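To start, the structure under review is shown below, and the notes come after it.
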Amino acid sequence: MFELLGISPQALFGQLLIGLINGSFYAMLSLGLAVIFGLLNIINFCHGALYMMGAFVAWFALKHLGLGYWPSLIVAPIVVGAFGMVLERSMLRHLYKLDHIYGLLLTFGLALVIEGVFRNEFGASGLPYGIPPTLSGGQNLGFMFLPNYRAWVIVASLGVCLATWYVIERTKLGAYLRAATENPTLVQAFGINVPRMITLTYGLGVALAALAGVLAAPIYQVSPLMGSNLIIVVFAVVVIGGMGSILGSIITGFALGVVEGLTKVFYPEASSTVIFIVMAIVLLIRPTGLFGRAH
Amino acid sequence: MAQETARAKKAGHRHQYAIFAGMVALFVVLPFVIYPVFLMQALCFALFACAFNLLIGYTGLVSFGHAMFLGTAGYVTAHAAKVWGVPPELAILAGTAASAALGLVVGLLAIRRQGIYFAMITLALAQMIFFFSLQAKFTGGEDGIQSVPRGVMFGILNLQDMMTMYYVVLAIFLAGFLLICRVIYSPFGQVLKAIRENEPRAISLGYNVHQYKLIAFVLSAALSGLAGGTKAIVFQLASLTDVHWTMSGEVVLMTLLGGMGTVFGPIVGAFIVIAMQNYLAQLGSWVTIAQGVVFVICVLAFRRGIVGELGRFLKKPL
């Protein structure tokens, strides 16, 4: 079959794997965007910059504090999440009553500032971050070679996504969150501290981005520009999936990663644009997105 | 009430004519005082920002991908002038037409969603155009199209001459600006404002909102293309910078800083942002940081922009 298509199985499965890896980052980032948008009505343009910050915190912790990969998986989301909560308390909360677009503009400005500061400090070239020793090496599956670290990234991000889904859809805290998304005034009247919940939600969404950044650090190099190109693709993913459903964002993220990987095998010239083309087609057929609700 | 607003509008018009006359006089004299190349760059971006303002300020559509129209027109104009060897006026026209056509396609897709989604869709489609420009043969990839001939406009105006080039750019800018003013104050423009203020009500009044939005979008795309084509002739260059998403962000910044929904705001904003880039250029990435900070300040404290705040202070629409 592979000879018929004129491609080697190694290339096919290799690209499928890369697609799944990219897909796990799309899923984690679009999930964070969807959670933030649900409660704050803000599209967080600096999501990519905070993802980049997560990777940098891991790099900095290793270089200057001697903290390895595993502690960084905990530390980086906490540091970046706390930074995000400061942003929310000091700036974003002034915008909730305004048109949604101001949130986009503000976070766009923040993204410029954050990226500019890191580029000033570390230059535009990437910094290497090694794969943790416990996950080096790989498995020979017969039809392809599977590096352990990449398998871990897929499993870890799938786990994090499903845990997030569980918390939001199946726990009491998640029920408060969903209720506040529908009607914050009423939820506040029931005695729940909605502003604090908003802050924590923003922190959670941002922490997800930082976690994705740490996971990405050993695969891509740690660079100030790693977030900005990714975030535009994630926006397209969000448009395709629609922001109505948590599970929808996860599925769309992984699926589009795979679509991108397959395009690299069959028609490499279109691999960087295929997601945008899918977006255009989805807009023609289902303007609200695959999992979106009309409002 | 209606009479009152009509009178107020007329009075508003009168001082706007005066400001316009002052602006024209200033731009005629300015190249003798300030380096004309800087002025030409600022004028191209001023037209770009005014075209963008037609959408964000008067229709309430926030496009985050306007760089694609600036850049596409730049490439088409440069290609036409260099490879086909057509005179500059036709090259710019070709670029404008290309951007208008692109605007039609993008507009048809993007107006299917509103608000935030509209912004994300335009951003994503602009990124697609960016990747296309990076890979396509005729754009020259990373190098862009260089040493585009300026040529002779209408067979008489030799654009190699700096001053001739400047006044041609000024004429193009003024033509575009007047067209935008004409649109804003036409009945068509009033409907656009109605859509901005309350779209469901505009629909219930029987207006075909989609059609109005689409026309505004194509118009804005075409005028952005006019700016991009002119810029390509002035700098004899079409490059990836003009299609990159940072450029889309810059035009938002210009309009926001100058004042969204004001007639003269985008011009002021464009001049400030371009001046900032030119005079802070040696500071490297601090320019980006400065732009980001200006964005944050504008959104948090200064949403009317410079001209908008001035207009409020003078109690006159500017």
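Here's how to read the names in the structure tokens: chain A, B, ... by the order shown, residue numbers from 1 in each chain, ligand numbers from 1 in the order shown.
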Open item on the list: Near chain A, meaning an atom within 9 Å, which residues of chain B appear when counting only C-alpha atoms? Write them as a PyMOL selection string.
Closed with: chain B and resi 62+109-110+112-113+115-117+119-121+123-125+127-129+131-132+135+249+252-253+284-300+303
Task: Polymer residues at most 9 Å from segment 228-238 of chain B, only C-alpha atoms, same-chain spacing of 6 or more positions, as a ChimeraX atom specification - done: /B:37,40-41,44-45,48,69-79,81,88,91-96,139,143-151,159,165-166,169,172
Task: DSSP helix (DSSP H, G or I) residues within segment 224-259 of chain B, as an MDAnalysis selection string - done: chainID B and resid 224:235 240:243 245:258
Task: Residues within 7 Å of segment 20-26 of chain A, only C-alpha atoms, excluding chain neighbours under 5 positions, as a list in words - done: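 Skipping anything fewer than 5 positions along the chain leaves Arg150, Val153, Ile154, Ser157, Leu158, Ala212, Val234, Gly253, Phe254, Ala255, Leu256, Gly257 and Val258 of chain A.
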Open item on the list: Let me make sure I understand: among B:Pro266, B:Gly57, B:Gly305, B:Gly85, which one has the smallest atom-to-atom distance to Ala216 of chain B if we use only C-alpha atoms?
Closed with: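 Of the candidates, the smallest distance to Ala216 of chain B is held by B:Gly57.
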- [ ] Name the residues of segment 129-262 of chain B that fall into strand (DSSP E or B) according to DSSP on the backbone, using the chain letters and numbers of this document, as a ChimeraX atom specification.
- [x] /B:145,152-153,157-158,238
Task: Two-atom distance - atom CA of Glu197 of chain B, atom CA of Ala67 of chain B (Å) - done: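 Between atom CA of Glu197 of chain B and atom CA of Ala67 of chain B the gap is 26.0 Å.
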Task: Neighbour list for Leu141 of chain A as a PyMOL selection string, cut-off 12 Å, only C-alpha atoms, skip fewer than 3 positions in-chain - done: chain A and resi 10+13-14+138+144-148
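The interatomic distance for the pair atom CA of Ala25 of chain B and atom CA of Ile272 of chain B works out to 19.3 Å.
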- [ ] Between atom CA of Gln160 of chain B and atom CA of Cys50 of chain B, measure the distance and give it in Å to one decimal.
- [x]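 Computing it gives 27.1 Å between the two atoms.
For Met226 of chain A, the list of residues within 9 Å, based on only C-alpha atoms and with local chain neighbours fewer than 5 positions off taken out, reads Gly48, Ala49, Tyr51, Met52, Gly126, Tyr220 and Gln221 of chain A.
Using only C-alpha atoms, the nearest neighbour of Thr164 of chain B within the list B:Gly176, B:Val152, B:Val106, B:Glu199 is B:Val152.
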Task: Long-range neighbours of Ala217 of chain A as a PyMOL selection string, 9 Å cut-off, only C-alpha atoms, 4 positions minimum in chain - done: chain A and resi 52+54-56+58-59+128-131+212-213+221-223
